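Undergrad: Quick one: structure below, then a few questions.
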Amino acid sequence: ARSVVSRGNSRSVMGDQGPGATDAGGGATVSKKRKYRKDKPWDHEGIDHWKEEEFTQEQSSGPFLEESSFATLFPQYREKYLRQVWPVVTRTLQTHGIRCELNLIEGSMSVKTTRKTWDPFVILKARDLIKLLARSVPVAQAVKVLNEGMYCDVIKIGNFVRNMERFVKRRERLLGPGGSTLKAIELLTECYVLVQGNTVACMGSHKGLKQVRRIVEDCMQNVHPVYNIKALMIKRELAKDPVLREENWERFLPK
């Protein structure tokens with residue numbers, strides 16, 4: 001114990017331990033920061049912190065208090081196709097408790113939650129669905145975005161180049177002769193990619209979407225997709241090697 005005088009009053013402070021103080025039993029030194037920390041039995045070395053747990057209907061707390069809705073416009077040339085496939089879209093979204101509406105007067109599609117909606121994230125998936133349909137993605141492919149682990153990204157490429165002729169040439173580079181470059185991108189990133197007008201719509205995992213966006217943006221900035229494709233192929237082979245997996249790959253990648 002030590003005595004401390006403050007404002008004319010003396011008080012005793014017992015058990016003052018510094019950052020490197022030892023415990024009462026004379027054990028190992030415990031820092032002040034970790035003095036009250038305890039081991040977490042659910043947190044071990046083999047746990048995957050990035051794993052997305054599946055959300056089931058039993059975990060839902062019941063109907064939502066507020067209605068959520070999203071709407072998107074579609075071009076006129078998509079009207080005929082959307083009228084044909086809209087019954088398929090309606091049936092698919094009904095299984096998730098989502099109501100959808102096709103407005104031909106305004107040229108828009110909208111999705112809303114209902115009293116039967118139990119998954120709070122599915123409304124965002126439904127928003128992505130109508131966004132993909134507006135960008136000329138076939139309905140058979142677009143409905144896959146509702147599955148677990150499937151996400152989408154719509155990349156705008158119209159603002160990179162002002163010259164229309166140069167823009168068309170760089171967009172053709174992305175496709176390649178007979179669509180070979182686009183097919184290689186799909187195989188390496190494990191994503192679905194569709195080039196349409198001033199946008200590139202893609203579907204896949206978060207990692208694959210990030211790779212596709214980088215390839216597309218570099219292509220529109222006059223970097224040929226072949227260089228990024230070659231780098232992805234080298235990275236795939238290096239990831240298989242148990243020795244080189246943990247090393248820096250800069251020396252293997254093309255400059």
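Starting from 1 in every chain, residues are counted up; chains themselves are A, B, ... following the order of the structure tokens, and ligands are numbered from 1 as listed.
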Apply DSSP to the backbone of this structure and, from segment 40-235 of chain A, keep only the residues in alpha helix (DSSP H); write these as a PyMOL selection string.
TA: chain A and resi 79-94+122-134+139-142+164-175+180-189+206-220+225-235
Undergrad: Enumerate as a count of residues only all residues of segment 22-228 of chain A assigned to strand (DSSP E) by DSSP on the backbone, naming them with the chain letters and numbers the document uses.
TA: 34
Undergrad: Closest to Tyr192 of chain A among A:Tyr227, A:Tyr151, A:Trp118, A:Phe167, using only C-alpha atoms?
TA: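 Checking each of A:Tyr227, A:Tyr151, A:Trp118, A:Phe167 against Tyr192 of chain A, counting only C-alpha atoms, the winner is A:Tyr151.
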Undergrad: Quick check, in Å to one decimal: how far apart do atom CA of Lys210 of chain A and atom CA of Met109 of chain A lie?
TA: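 We find that atom CA of Lys210 of chain A and atom CA of Met109 of chain A lie 27.2 Å from each other.
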Undergrad: Near Cys100 of chain A, within 8 Å and counting only C-alpha atoms, which residues show up once chain neighbours fewer than 5 positions away are dropped, as a list in words?
TA: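 The contact residues come out as Thr90, Leu93, Met109, Ser110, Val111 and Lys112 of chain A.
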Undergrad: Out of A:Arg78, A:Arg213, A:His96, A:Arg170, which residue has the shortest atom-to-atom distance to Ser108 of chain A when counting only C-alpha atoms?
TA: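 Closest residue, counting only C-alpha atoms: A:Arg78.
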Undergrad: Would you mind telling me which residue in A:Asn103, A:Ile47, A:Gln94, A:Met220 lies nearest to Val168 of chain A when using only C-alpha atoms?
TA: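 Ranked by minimum distance to Val168 of chain A, first place goes to A:Met220.
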